[in-house]
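Colleague: File structure16.cif below, mmCIF, C-alpha atoms:
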data_coords
loop_
_atom_site.group_PDB
_atom_site.id
_atom_site.type_symbol
_atom_site.label_atom_id
_atom_site.label_comp_id
_atom_site.auth_asym_id
_atom_site.auth_seq_id
_atom_site.Cartn_x
_atom_site.Cartn_y
_atom_site.Cartn_z
ATOM 1 C CA MET D 189 31.611 -20.940 6.545
ATOM 2 C CA LYS D 190 28.974 -20.928 9.252
ATOM 3 C CA PRO D 191 27.490 -17.483 9.692
ATOM 4 C CA PHE D 192 26.856 -16.593 13.295
ATOM 5 C CA GLY D 193 26.425 -20.274 14.478
ATOM 6 C CA ASN D 194 23.504 -21.373 16.644
ATOM 7 C CA THR D 195 24.098 -19.119 19.610
ATOM 8 C CA GLU D 196 22.433 -16.155 17.920
ATOM 9 C CA VAL D 197 19.552 -18.138 16.515
ATOM 10 C CA ASN D 198 16.888 -15.682 17.666
ATOM 11 C CA LYS D 199 18.393 -12.740 15.832
ATOM 12 C CA ARG D 200 17.167 -11.892 12.381
ATOM 13 C CA TYR D 201 19.636 -12.906 9.680
ATOM 14 C CA THR D 202 19.712 -10.502 6.731
ATOM 15 C CA VAL D 203 21.610 -11.050 3.483
ATOM 16 C CA VAL D 204 22.277 -7.841 1.528
ATOM 17 C CA ILE D 205 23.315 -8.131 -2.146
ATOM 18 C CA GLY D 206 25.325 -5.201 -3.488
ATOM 19 C CA CYS D 207 27.592 -2.995 -1.395
ATOM 20 C CA GLY D 208 26.794 0.339 -3.054
ATOM 21 C CA ARG D 209 25.693 3.402 -1.111
ATOM 22 C CA LEU D 210 22.313 1.904 -0.155
ATOM 23 C CA GLY D 211 23.575 -1.644 0.549
ATOM 24 C CA ALA D 212 26.464 -0.449 2.710
ATOM 25 C CA ASN D 213 24.262 1.954 4.714
ATOM 26 C CA LEU D 214 21.692 -0.759 5.246
ATOM 27 C CA ALA D 215 24.300 -3.334 6.346
ATOM 28 C CA ASN D 216 25.880 -0.795 8.725
ATOM 29 C CA ALA D 217 22.485 0.050 10.243
ATOM 30 C CA LEU D 218 21.461 -3.596 10.672
ATOM 31 C CA SER D 219 24.820 -4.401 12.226
ATOM 32 C CA ASP D 220 24.445 -1.414 14.612
ATOM 33 C CA GLU D 221 20.991 -2.699 15.597
ATOM 34 C CA ASP D 222 22.732 -5.867 16.716
ATOM 35 C CA GLY D 223 21.303 -8.001 13.908
ATOM 36 C CA ASN D 224 23.116 -10.727 11.979
ATOM 37 C CA VAL D 225 24.002 -9.416 8.554
ATOM 38 C CA LEU D 226 26.047 -10.604 5.601
ATOM 39 C CA ILE D 227 26.767 -8.516 2.521
ATOM 40 C CA ILE D 228 27.783 -9.812 -0.921
ATOM 41 C CA ASP D 229 29.505 -7.833 -3.661
ATOM 42 C CA LYS D 230 31.412 -8.782 -6.824
ATOM 43 C CA ASN D 231 34.025 -6.175 -6.038
ATOM 44 C CA LYS D 232 36.099 -6.481 -2.855
ATOM 45 C CA ASP D 233 36.825 -2.724 -2.845
ATOM 46 C CA ALA D 234 33.103 -2.007 -2.424
ATOM 47 C CA PHE D 235 33.359 -3.150 1.207
ATOM 48 C CA ARG D 236 35.359 0.008 1.980
ATOM 49 C CA LYS D 237 31.975 1.739 2.193
ATOM 50 C CA LEU D 238 31.178 -0.305 5.319
ATOM 51 C CA SER D 239 31.840 1.513 8.593
ATOM 52 C CA PRO D 240 34.849 0.426 10.688
ATOM 53 C CA SER D 241 32.384 -0.777 13.362
ATOM 54 C CA TYR D 242 30.525 -3.060 10.918
ATOM 55 C CA GLY D 243 30.041 -6.326 12.783
ATOM 56 C CA GLY D 244 28.649 -8.486 9.986
ATOM 57 C CA LEU D 245 30.211 -10.746 7.371
ATOM 58 C CA THR D 246 31.245 -10.059 3.778
ATOM 59 C CA VAL D 247 31.371 -12.406 0.797
ATOM 60 C CA VAL D 248 33.088 -11.501 -2.488
ATOM 61 C CA GLY D 249 31.260 -12.983 -5.455
ATOM 62 C CA ASP D 250 28.498 -12.742 -8.032
ATOM 63 C CA ALA D 251 25.229 -13.300 -6.212
ATOM 64 C CA THR D 252 23.530 -14.636 -9.333
ATOM 65 C CA ASP D 253 25.844 -17.647 -8.847
ATOM 66 C CA LEU D 254 24.149 -20.289 -6.654
ATOM 67 C CA GLY D 255 27.489 -21.282 -5.082
ATOM 68 C CA VAL D 256 27.951 -17.750 -3.768
ATOM 69 C CA LEU D 257 24.444 -17.707 -2.280
ATOM 70 C CA GLN D 258 25.062 -21.089 -0.644
ATOM 71 C CA GLU D 259 28.335 -19.814 0.809
ATOM 72 C CA ALA D 260 26.305 -16.974 2.317
ATOM 73 C CA GLN D 261 23.891 -19.587 3.758
ATOM 74 C CA ILE D 262 21.025 -17.749 2.164
ATOM 75 C CA ASN D 263 18.704 -20.624 3.101
ATOM 76 C CA LYS D 264 18.955 -19.452 6.738
ATOM 77 C CA ALA D 265 18.131 -15.825 5.907
ATOM 78 C CA ASP D 266 14.980 -14.203 7.263
ATOM 79 C CA VAL D 267 15.357 -11.299 4.870
ATOM 80 C CA VAL D 268 17.178 -10.912 1.527
ATOM 81 C CA VAL D 269 17.691 -7.407 0.109
ATOM 82 C CA ALA D 270 18.913 -7.129 -3.518
ATOM 83 C CA VAL D 271 20.266 -3.620 -4.119
ATOM 84 C CA THR D 272 22.993 -3.929 -6.772
ATOM 85 C CA ASN D 273 23.077 -1.214 -9.422
ATOM 86 C CA ASN D 274 21.739 -3.676 -11.981
ATOM 87 C CA ASP D 275 17.987 -4.290 -12.196
ATOM 88 C CA ASN D 276 18.449 -7.618 -13.976
ATOM 89 C CA ALA D 277 20.781 -8.913 -11.257
ATOM 90 C CA ASN D 278 18.345 -7.766 -8.553
ATOM 91 C CA ILE D 279 15.433 -9.457 -10.320
ATOM 92 C CA MET D 280 17.361 -12.713 -10.712
ATOM 93 C CA VAL D 281 18.679 -12.894 -7.146
ATOM 94 C CA ALA D 282 15.305 -11.938 -5.686
ATOM 95 C CA GLN D 283 13.550 -14.682 -7.641
ATOM 96 C CA ILE D 284 16.179 -17.274 -6.665
ATOM 97 C CA ALA D 285 15.831 -16.264 -2.995
ATOM 98 C CA ARG D 286 12.042 -16.443 -3.140
ATOM 99 C CA GLU D 287 11.469 -19.477 -5.322
ATOM 100 C CA LEU D 288 14.487 -21.706 -4.698
ATOM 101 C CA PHE D 289 15.256 -20.864 -1.071
ATOM 102 C CA GLN D 290 11.711 -19.891 -0.007
ATOM 103 C CA ILE D 291 12.847 -16.771 1.843
ATOM 104 C CA ASP D 292 9.761 -15.089 3.347
ATOM 105 C CA ARG D 293 10.814 -11.512 2.938
ATOM 106 C CA VAL D 294 12.652 -10.496 -0.213
ATOM 107 C CA ILE D 295 13.187 -6.838 -1.140
ATOM 108 C CA ALA D 296 14.661 -5.660 -4.455
ATOM 109 C CA ARG D 297 15.589 -2.243 -5.735
ATOM 110 C CA LEU D 298 14.372 -1.537 -9.259
ATOM 111 C CA TYR D 299 15.432 1.576 -11.141
ATOM 112 C CA ASP D 300 12.872 0.847 -13.844
ATOM 113 C CA PRO D 301 9.407 1.227 -12.291
ATOM 114 C CA GLU D 302 7.791 -0.572 -15.229
ATOM 115 C CA ARG D 303 9.214 -3.874 -14.085
ATOM 116 C CA GLU D 304 7.468 -3.665 -10.754
ATOM 117 C CA CYS D 305 4.425 -5.658 -11.860
ATOM 118 C CA VAL D 306 6.599 -8.760 -12.385
ATOM 119 C CA TYR D 307 7.338 -8.761 -8.695
ATOM 120 C CA ARG D 308 3.829 -8.809 -7.331
ATOM 121 C CA GLU D 309 3.377 -12.301 -8.767
ATOM 122 C CA PHE D 310 6.421 -13.508 -6.862
ATOM 123 C CA GLU D 311 5.523 -11.694 -3.616
ATOM 124 C CA ILE D 312 8.707 -9.674 -3.718
ATOM 125 C CA ASP D 313 8.761 -6.164 -2.219
ATOM 126 C CA THR D 314 10.218 -3.552 -4.526
ATOM 127 C CA ILE D 315 11.837 -0.203 -3.873
ATOM 128 C CA CYS D 316 11.853 2.188 -6.809
ATOM 129 C CA PRO D 317 13.975 5.296 -6.188
ATOM 130 C CA ALA D 318 12.314 7.264 -9.012
ATOM 131 C CA ILE D 319 8.831 6.649 -7.563
ATOM 132 C CA LEU D 320 9.969 7.432 -4.008
ATOM 133 C CA SER D 321 11.653 10.641 -5.234
ATOM 134 C CA ALA D 322 8.570 11.680 -7.224
ATOM 135 C CA LYS D 323 6.357 11.158 -4.140
ATOM 136 C CA GLU D 324 8.744 13.216 -2.023
ATOM 137 C CA ILE D 325 8.726 16.047 -4.576
ATOM 138 C CA ASP D 326 4.895 15.915 -4.599
ATOM 139 C CA LYS D 327 4.942 16.332 -0.822
ATOM 140 C CA ILE D 328 7.211 19.380 -1.078
ATOM 141 C CA LEU D 329 5.064 20.899 -3.848
ATOM 142 C CA ALA D 330 1.913 20.302 -1.788
ATOM 143 C CA LYS D 331 3.541 22.289 1.034
ATOM 144 C CA THR D 332 4.261 25.079 -1.511
ATOM 145 C CA ASP D 333 0.594 25.133 -2.561
ATOM 146 C CA LEU D 334 -0.511 25.372 1.055
ATOM 147 C CA SER D 335 1.860 28.197 1.910
ATOM 148 C CA THR D 336 0.803 30.096 -1.241
ATOM 149 C CA ALA D 337 -2.871 29.622 -0.299
ATOM 150 C CA ASN D 338 -2.156 30.847 3.236
ATOM 151 C CA SER D 339 -0.317 33.947 2.073
ATOM 152 C CA GLN D 340 -3.163 34.772 -0.338
ATOM 153 C CA GLU D 341 -5.666 34.436 2.505
ATOM 154 C CA GLY D 342 -3.483 36.749 4.557
ATOM 155 C CA GLU D 343 -3.550 39.368 1.795
ATOM 156 C CA ALA D 344 -7.345 39.220 1.345
ATOM 157 C CA MET B 185 10.289 32.887 -26.159
ATOM 158 C CA LYS B 186 7.494 33.810 -23.800
ATOM 159 C CA PRO B 187 6.392 30.790 -21.815
ATOM 160 C CA PHE B 188 2.650 30.646 -21.371
ATOM 161 C CA GLY B 189 2.138 34.412 -21.676
ATOM 162 C CA ASN B 190 -0.014 36.386 -19.237
ATOM 163 C CA THR B 191 -3.287 34.568 -19.691
ATOM 164 C CA GLU B 192 -2.223 31.757 -17.401
ATOM 165 C CA VAL B 193 -0.648 33.964 -14.787
ATOM 166 C CA ASN B 194 -2.335 32.269 -11.827
ATOM 167 C CA LYS B 195 -0.972 28.840 -12.648
ATOM 168 C CA ARG B 196 2.188 27.658 -10.963
ATOM 169 C CA TYR B 197 5.158 27.748 -13.351
ATOM 170 C CA THR B 198 7.634 24.923 -12.748
ATOM 171 C CA VAL B 199 11.028 24.567 -14.428
ATOM 172 C CA VAL B 200 12.410 21.008 -14.386
ATOM 173 C CA ILE B 201 16.124 20.482 -15.139
ATOM 174 C CA GLY B 202 17.020 17.043 -16.484
ATOM 175 C CA CYS B 203 14.707 14.858 -18.543
ATOM 176 C CA GLY B 204 15.668 11.507 -17.042
ATOM 177 C CA ARG B 205 13.140 9.056 -15.627
ATOM 178 C CA LEU B 206 12.297 11.273 -12.651
ATOM 179 C CA GLY B 207 12.328 14.597 -14.524
ATOM 180 C CA ALA B 208 10.154 13.295 -17.357
ATOM 181 C CA ASN B 209 7.622 11.708 -14.987
ATOM 182 C CA LEU B 210 7.439 14.872 -12.950
ATOM 183 C CA ALA B 211 6.987 17.084 -16.033
ATOM 184 C CA ASN B 212 4.276 14.747 -17.376
ATOM 185 C CA ALA B 213 2.446 14.780 -14.041
ATOM 186 C CA LEU B 214 2.618 18.577 -13.669
ATOM 187 C CA SER B 215 1.415 19.032 -17.235
ATOM 188 C CA ASP B 216 -1.473 16.592 -16.587
ATOM 189 C CA GLU B 217 -2.412 18.603 -13.500
ATOM 190 C CA ASP B 218 -2.833 21.593 -15.834
ATOM 191 C CA GLY B 219 0.243 23.410 -14.527
ATOM 192 C CA ASN B 220 2.710 25.420 -16.581
ATOM 193 C CA VAL B 221 5.888 23.413 -16.955
ATOM 194 C CA LEU B 222 9.118 23.716 -18.901
ATOM 195 C CA ILE B 223 11.814 21.029 -18.983
ATOM 196 C CA ILE B 224 15.481 21.529 -19.904
ATOM 197 C CA ASP B 225 17.925 18.827 -21.017
ATOM 198 C CA LYS B 226 21.293 18.884 -22.775
ATOM 199 C CA ASN B 227 20.191 16.019 -24.972
ATOM 200 C CA LYS B 228 17.249 16.471 -27.359
ATOM 201 C CA ASP B 229 16.598 12.715 -27.428
ATOM 202 C CA ALA B 230 15.855 12.751 -23.692
ATOM 203 C CA PHE B 231 12.510 14.426 -24.449
ATOM 204 C CA ARG B 232 11.302 11.145 -25.958
ATOM 205 C CA LYS B 233 10.567 10.106 -22.368
ATOM 206 C CA LEU B 234 7.834 12.748 -22.205
ATOM 207 C CA SER B 235 4.323 11.429 -22.841
ATOM 208 C CA PRO B 236 2.636 12.292 -26.150
ATOM 209 C CA SER B 237 0.097 14.333 -24.154
ATOM 210 C CA TYR B 238 2.797 16.482 -22.506
ATOM 211 C CA GLY B 239 1.512 20.033 -22.725
ATOM 212 C CA GLY B 240 4.589 21.891 -21.477
ATOM 213 C CA LEU B 241 7.641 23.378 -23.164
ATOM 214 C CA THR B 242 11.101 21.923 -23.757
ATOM 215 C CA VAL B 243 14.459 23.689 -24.012
ATOM 216 C CA VAL B 244 17.625 21.962 -25.271
ATOM 217 C CA GLY B 245 20.706 23.208 -23.441
ATOM 218 C CA ASP B 246 23.017 23.033 -20.465
ATOM 219 C CA ALA B 247 21.146 24.463 -17.500
ATOM 220 C CA THR B 248 24.372 25.545 -15.799
ATOM 221 C CA ASP B 249 24.561 28.126 -18.618
ATOM 222 C CA LEU B 250 22.789 31.351 -17.594
ATOM 223 C CA GLY B 251 21.619 31.993 -21.152
ATOM 224 C CA VAL B 252 19.720 28.711 -21.143
ATOM 225 C CA LEU B 253 18.052 29.538 -17.821
ATOM 226 C CA GLN B 254 17.087 32.973 -19.135
ATOM 227 C CA GLU B 255 15.617 31.394 -22.271
ATOM 228 C CA ALA B 256 13.525 29.262 -19.919
ATOM 229 C CA GLN B 257 12.423 32.474 -18.099
ATOM 230 C CA ILE B 258 13.479 30.922 -14.844
ATOM 231 C CA ASN B 259 12.957 34.304 -13.138
ATOM 232 C CA LYS B 260 9.202 33.738 -13.517
ATOM 233 C CA ALA B 261 9.306 30.243 -12.017
ATOM 234 C CA ASP B 262 7.506 29.448 -8.772
ATOM 235 C CA VAL B 263 9.358 26.162 -8.452
ATOM 236 C CA VAL B 264 12.655 24.888 -9.891
ATOM 237 C CA VAL B 265 13.457 21.167 -9.690
ATOM 238 C CA ALA B 266 17.031 20.065 -10.531
ATOM 239 C CA VAL B 267 17.075 16.333 -11.224
ATOM 240 C CA THR B 268 19.881 15.689 -13.719
ATOM 241 C CA ASN B 269 22.001 12.592 -13.117
ATOM 242 C CA ASN B 270 24.874 14.799 -11.974
ATOM 243 C CA ASP B 271 24.987 16.018 -8.366
ATOM 244 C CA ASN B 272 27.360 18.870 -9.231
ATOM 245 C CA ALA B 273 25.060 20.163 -11.961
ATOM 246 C CA ASN B 274 22.054 19.933 -9.620
ATOM 247 C CA ILE B 275 23.932 21.802 -6.883
ATOM 248 C CA MET B 276 25.023 24.526 -9.279
ATOM 249 C CA VAL B 277 21.623 25.075 -10.924
ATOM 250 C CA ALA B 278 19.823 25.005 -7.579
ATOM 251 C CA GLN B 279 22.134 27.656 -6.141
ATOM 252 C CA ILE B 280 21.807 29.847 -9.247
ATOM 253 C CA ALA B 281 18.000 29.560 -9.048
ATOM 254 C CA ARG B 282 17.956 30.376 -5.329
ATOM 255 C CA GLU B 283 20.601 33.068 -5.101
ATOM 256 C CA LEU B 284 20.577 34.780 -8.482
ATOM 257 C CA PHE B 285 16.902 34.448 -9.426
ATOM 258 C CA GLN B 286 15.481 34.316 -5.862
ATOM 259 C CA ILE B 287 13.181 31.409 -6.632
ATOM 260 C CA ASP B 288 11.214 30.575 -3.451
ATOM 261 C CA ARG B 289 11.025 26.845 -3.863
ATOM 262 C CA VAL B 290 14.039 24.999 -5.226
ATOM 263 C CA ILE B 291 14.329 21.208 -5.060
ATOM 264 C CA ALA B 292 17.458 19.249 -6.019
ATOM 265 C CA ARG B 293 18.160 15.540 -6.255
ATOM 266 C CA LEU B 294 21.424 14.490 -4.629
ATOM 267 C CA TYR B 295 22.755 10.968 -5.008
ATOM 268 C CA ASP B 296 25.375 11.666 -2.357
ATOM 269 C CA PRO B 297 23.595 12.176 0.971
ATOM 270 C CA GLU B 298 26.714 13.727 2.524
ATOM 271 C CA ARG B 299 26.271 16.857 0.448
ATOM 272 C CA GLU B 300 22.857 17.529 1.907
ATOM 273 C CA CYS B 301 24.144 19.810 4.676
ATOM 274 C CA VAL B 302 25.331 22.350 2.074
ATOM 275 C CA TYR B 303 21.750 22.855 1.021
ATOM 276 C CA ARG B 304 20.208 23.746 4.350
ATOM 277 C CA GLU B 305 22.231 26.955 4.345
ATOM 278 C CA PHE B 306 20.746 27.915 1.006
ATOM 279 C CA GLU B 307 17.184 26.842 1.890
ATOM 280 C CA ILE B 308 17.102 24.321 -0.901
ATOM 281 C CA ASP B 309 15.006 21.171 -0.501
ATOM 282 C CA THR B 310 16.885 17.987 -1.301
ATOM 283 C CA ILE B 311 15.742 14.563 -2.409
ATOM 284 C CA CYS B 312 18.216 11.757 -1.757
ATOM 285 C CA PRO B 313 17.138 8.454 -3.380
ATOM 286 C CA ALA B 314 19.467 6.373 -1.155
ATOM 287 C CA ILE B 315 17.964 7.836 2.039
ATOM 288 C CA LEU B 316 14.391 7.482 0.735
ATOM 289 C CA SER B 317 15.113 3.862 -0.269
ATOM 290 C CA ALA B 318 16.699 3.077 3.110
ATOM 291 C CA LYS B 319 13.642 4.498 4.906
ATOM 292 C CA GLU B 320 11.330 2.427 2.728
ATOM 293 C CA ILE B 321 13.326 -0.751 3.453
ATOM 294 C CA ASP B 322 13.152 0.073 7.187
ATOM 295 C CA LYS B 323 9.372 0.294 6.877
ATOM 296 C CA ILE B 324 9.202 -3.122 5.185
ATOM 297 C CA LEU B 325 11.523 -4.660 7.793
ATOM 298 C CA ALA B 326 9.420 -3.179 10.598
ATOM 299 C CA LYS B 327 6.392 -4.916 9.078
ATOM 300 C CA THR B 328 8.416 -8.186 9.062
ATOM 301 C CA ASP B 329 9.196 -7.750 12.769
ATOM 302 C CA LEU B 330 5.547 -7.143 13.525
ATOM 303 C CA SER B 331 4.315 -10.146 11.590
ATOM 304 C CA THR B 332 6.967 -12.354 13.249
ATOM 305 C CA ALA B 333 5.893 -11.068 16.662
ATOM 306 C CA ASN B 334 2.242 -11.725 15.814
ATOM 307 C CA SER B 335 2.899 -15.272 14.654
ATOM 308 C CA GLN B 336 4.879 -15.991 17.810
ATOM 309 C CA GLU B 337 1.991 -14.676 19.887
ATOM 310 C CA GLY B 338 -0.304 -16.939 17.932
ATOM 311 C CA GLU B 339 1.856 -19.939 18.742
ATOM 312 C CA ALA B 340 2.063 -19.163 22.470
#
Turn the structure described in the file into structure tokens.

Modeller:
Amino acid sequence: MKPFGNTEVNKRYTVVIGCGRLGANLANALSDEDGNVLIIDKNKDAFRKLSPSYGGLTVVGDATDLGVLQEAQINKADVVVAVTNNDNANIMVAQIARELFQIDRVIARLYDPERECVYREFEIDTICPAILSAKEIDKILAKTDLSTANSQEGEA
Amino acid sequence: MKPFGNTEVNKRYTVVIGCGRLGANLANALSDEDGNVLIIDKNKDAFRKLSPSYGGLTVVGDATDLGVLQEAQINKADVVVAVTNNDNANIMVAQIARELFQIDRVIARLYDPERECVYREFEIDTICPAILSAKEIDKILAKTDLSTANSQEGEA
């Protein structure tokens, strides 16, 4: 398989691992932005989450298997995003992409925020939904504090 | 049970539903900030995630049960945050808090972003980890674009 050939050499090539809610949305968005994108999932049925207009490629297989990554021509990727539902799988694929295939930009989702420190060593960007959610809740609570303060001022 | 009595009447009282990673972190943080906080979970063991310094209250029970919410004196809450791992439970508790107990600020986590529209009607704030994660990945990819553009400028 030869993803996207040489004619689209200037476009960014993104490999997404895991076709869950986040992976599928990301692949759809990148495909809509006219980028080259390939998505890998162990389960063929997961690709149903992709939109009918999805213009990228799909590969069925376990991305912790080097053969599957080679089939996806991961060595040509500008960006690799590991967003399976399994932290260990994301860690493993991200490290393979970074260390073995020297991909510049590797992003991994980690449910467990305590593992994040491992990644800094490897120069891997991490996304932790619990931390992002906590920050968002803080923002909303800060707005609550402000509106309470304002209404108290109004009463004074 | 009388949470926090009248002596701390000026402090914000927050009820957190669900002592998972996000709920426990949030309860710990609010307790550290010297706020009044009570956390509810069906499973007593979940409270092990709370830090030893947690200064709030805990209630074991199903928060979709009105009796449990009354035990938690939810009517006195300034903020209710529903972050169980079950979207349906979060939806139900958030609506009870908003409609039945007229809590001003209700926040719910929703794994399924398509349910978000339901909430606007009820003036409930929603946190969707998949959307937050997608936004964060966009930010990282935008940085990649910028650094690529910069290096190309450098080469020119």

Colleague: Point out the residue among B:Arg299, B:Arg232, B:Arg293, B:Lys327 with the least atom-to-atom distance to Asn269 of chain B, counting all atoms listed in the file.

Modeller: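 Looking only at the distances to Asn269 of chain B, the closest residue turns out to be B:Arg293.
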
Colleague: List every protein, DNA or RNA residue that has at least one atom no more than 8 Å from (10.5, 21.4, -18.2) in the file's coordinates, counting only C-alpha atoms, and write the result as a VMD selection string.

Modeller: chain B and resid 198 to 201 203 207 211 221 to 224 240 to 243

Colleague: Least-squares align chain D to chain B using all Cα atoms paired by position, then dump the moved coordinates as a short mmCIF file (atom, residue, chain, number, x, y, z; two decimals) with C-alpha atoms, keeping the file's coordinate frame.

Modeller:
data_model
loop_
_atom_site.label_atom_id
_atom_site.label_comp_id
_atom_site.auth_asym_id
_atom_site.auth_seq_id
_atom_site.Cartn_x
_atom_site.Cartn_y
_atom_site.Cartn_z
CA MET D 189 10.40 32.88 -26.18
CA LYS D 190 7.59 33.80 -23.83
CA PRO D 191 6.44 30.80 -21.84
CA PHE D 192 2.71 30.66 -21.38
CA GLY D 193 2.19 34.50 -21.68
CA ASN D 194 0.09 36.46 -19.19
CA THR D 195 -3.19 34.67 -19.66
CA GLU D 196 -2.17 31.81 -17.38
CA VAL D 197 -0.60 34.01 -14.75
CA ASN D 198 -2.33 32.30 -11.83
CA LYS D 199 -0.97 28.87 -12.66
CA ARG D 200 2.19 27.69 -11.01
CA TYR D 201 5.17 27.77 -13.36
CA THR D 202 7.63 24.93 -12.77
CA VAL D 203 11.03 24.57 -14.44
CA VAL D 204 12.40 21.01 -14.39
CA ILE D 205 16.12 20.48 -15.13
CA GLY D 206 17.02 17.05 -16.50
CA CYS D 207 14.69 14.86 -18.54
CA GLY D 208 15.67 11.50 -17.06
CA ARG D 209 13.14 9.05 -15.64
CA LEU D 210 12.28 11.27 -12.65
CA GLY D 211 12.31 14.60 -14.55
CA ALA D 212 10.14 13.29 -17.38
CA ASN D 213 7.60 11.70 -14.99
CA LEU D 214 7.43 14.88 -12.97
CA ALA D 215 6.97 17.09 -16.05
CA ASN D 216 4.26 14.75 -17.39
CA ALA D 217 2.42 14.80 -14.05
CA LEU D 218 2.60 18.59 -13.69
CA SER D 219 1.42 19.03 -17.26
CA ASP D 220 -1.49 16.60 -16.61
CA GLU D 221 -2.42 18.64 -13.52
CA ASP D 222 -2.84 21.58 -15.85
CA GLY D 223 0.22 23.43 -14.56
CA ASN D 224 2.71 25.42 -16.62
CA VAL D 225 5.89 23.41 -16.97
CA LEU D 226 9.12 23.70 -18.91
CA ILE D 227 11.81 21.02 -19.00
CA ILE D 228 15.48 21.52 -19.91
CA ASP D 229 17.91 18.83 -21.03
CA LYS D 230 21.30 18.87 -22.78
CA ASN D 231 20.20 16.01 -24.98
CA LYS D 232 17.25 16.47 -27.35
CA ASP D 233 16.60 12.70 -27.44
CA ALA D 234 15.84 12.74 -23.70
CA PHE D 235 12.50 14.42 -24.46
CA ARG D 236 11.28 11.13 -25.97
CA LYS D 237 10.56 10.10 -22.38
CA LEU D 238 7.82 12.75 -22.21
CA SER D 239 4.32 11.42 -22.85
CA PRO D 240 2.63 12.29 -26.17
CA SER D 241 0.08 14.35 -24.19
CA TYR D 242 2.79 16.48 -22.53
CA GLY D 243 1.52 20.05 -22.76
CA GLY D 244 4.58 21.92 -21.50
CA LEU D 245 7.65 23.39 -23.18
CA THR D 246 11.11 21.93 -23.76
CA VAL D 247 14.47 23.68 -24.01
CA VAL D 248 17.63 21.94 -25.26
CA GLY D 249 20.71 23.20 -23.45
CA ASP D 250 23.04 23.03 -20.47
CA ALA D 251 21.16 24.46 -17.51
CA THR D 252 24.37 25.53 -15.79
CA ASP D 253 24.57 28.12 -18.60
CA LEU D 254 22.80 31.35 -17.57
CA GLY D 255 21.64 31.98 -21.16
CA VAL D 256 19.73 28.70 -21.14
CA LEU D 257 18.06 29.54 -17.82
CA GLN D 258 17.10 32.98 -19.14
CA GLU D 259 15.63 31.40 -22.27
CA ALA D 260 13.52 29.27 -19.93
CA GLN D 261 12.44 32.48 -18.13
CA ILE D 262 13.51 30.94 -14.86
CA ASN D 263 12.98 34.30 -13.15
CA LYS D 264 9.21 33.74 -13.52
CA ALA D 265 9.31 30.23 -12.03
CA ASP D 266 7.51 29.45 -8.79
CA VAL D 267 9.35 26.17 -8.46
CA VAL D 268 12.66 24.90 -9.89
CA VAL D 269 13.45 21.17 -9.69
CA ALA D 270 17.03 20.07 -10.52
CA VAL D 271 17.06 16.32 -11.21
CA THR D 272 19.88 15.69 -13.70
CA ASN D 273 21.99 12.59 -13.10
CA ASN D 274 24.87 14.78 -11.97
CA ASP D 275 24.98 16.02 -8.37
CA ASN D 276 27.36 18.86 -9.22
CA ALA D 277 25.06 20.15 -11.96
CA ASN D 278 22.05 19.94 -9.62
CA ILE D 279 23.93 21.80 -6.89
CA MET D 280 25.02 24.54 -9.29
CA VAL D 281 21.63 25.08 -10.93
CA ALA D 282 19.82 25.01 -7.58
CA GLN D 283 22.14 27.65 -6.14
CA ILE D 284 21.81 29.86 -9.24
CA ALA D 285 18.00 29.56 -9.06
CA ARG D 286 17.96 30.39 -5.35
CA GLU D 287 20.62 33.07 -5.10
CA LEU D 288 20.58 34.79 -8.49
CA PHE D 289 16.91 34.45 -9.43
CA GLN D 290 15.49 34.32 -5.88
CA ILE D 291 13.17 31.41 -6.64
CA ASP D 292 11.21 30.59 -3.46
CA ARG D 293 11.02 26.86 -3.87
CA VAL D 294 14.04 25.01 -5.22
CA ILE D 295 14.31 21.22 -5.06
CA ALA D 296 17.44 19.25 -6.02
CA ARG D 297 18.12 15.56 -6.24
CA LEU D 298 21.38 14.49 -4.62
CA TYR D 299 22.73 10.97 -4.98
CA ASP D 300 25.36 11.68 -2.34
CA PRO D 301 23.57 12.19 0.98
CA GLU D 302 26.69 13.73 2.53
CA ARG D 303 26.25 16.87 0.48
CA GLU D 304 22.84 17.54 1.94
CA CYS D 305 24.11 19.83 4.69
CA VAL D 306 25.32 22.36 2.09
CA TYR D 307 21.74 22.85 1.04
CA ARG D 308 20.21 23.76 4.35
CA GLU D 309 22.22 26.98 4.34
CA PHE D 310 20.75 27.93 0.98
CA GLU D 311 17.18 26.88 1.88
CA ILE D 312 17.10 24.33 -0.90
CA ASP D 313 14.99 21.18 -0.50
CA THR D 314 16.86 17.99 -1.30
CA ILE D 315 15.71 14.57 -2.39
CA CYS D 316 18.16 11.75 -1.74
CA PRO D 317 17.10 8.46 -3.37
CA ALA D 318 19.42 6.38 -1.16
CA ILE D 319 17.91 7.84 2.03
CA LEU D 320 14.34 7.48 0.73
CA SER D 321 15.06 3.86 -0.28
CA ALA D 322 16.65 3.07 3.10
CA LYS D 323 13.59 4.49 4.91
CA GLU D 324 11.27 2.43 2.72
CA ILE D 325 13.26 -0.74 3.44
CA ASP D 326 13.09 0.07 7.18
CA LYS D 327 9.31 0.30 6.87
CA ILE D 328 9.13 -3.11 5.17
CA LEU D 329 11.45 -4.66 7.77
CA ALA D 330 9.36 -3.17 10.59
CA LYS D 331 6.32 -4.91 9.07
CA THR D 332 8.35 -8.18 9.05
CA ASP D 333 9.16 -7.75 12.75
CA LEU D 334 5.50 -7.17 13.56
CA SER D 335 4.29 -10.19 11.62
CA THR D 336 6.97 -12.37 13.26
CA ALA D 337 5.92 -11.09 16.70
CA ASN D 338 2.27 -11.81 15.89
CA SER D 339 2.95 -15.34 14.70
CA GLN D 340 5.01 -16.04 17.85
CA GLU D 341 2.13 -14.78 20.00
CA GLY D 342 -0.18 -17.07 18.06
CA GLU D 343 2.05 -20.06 18.81
CA ALA D 344 2.30 -19.31 22.55
#
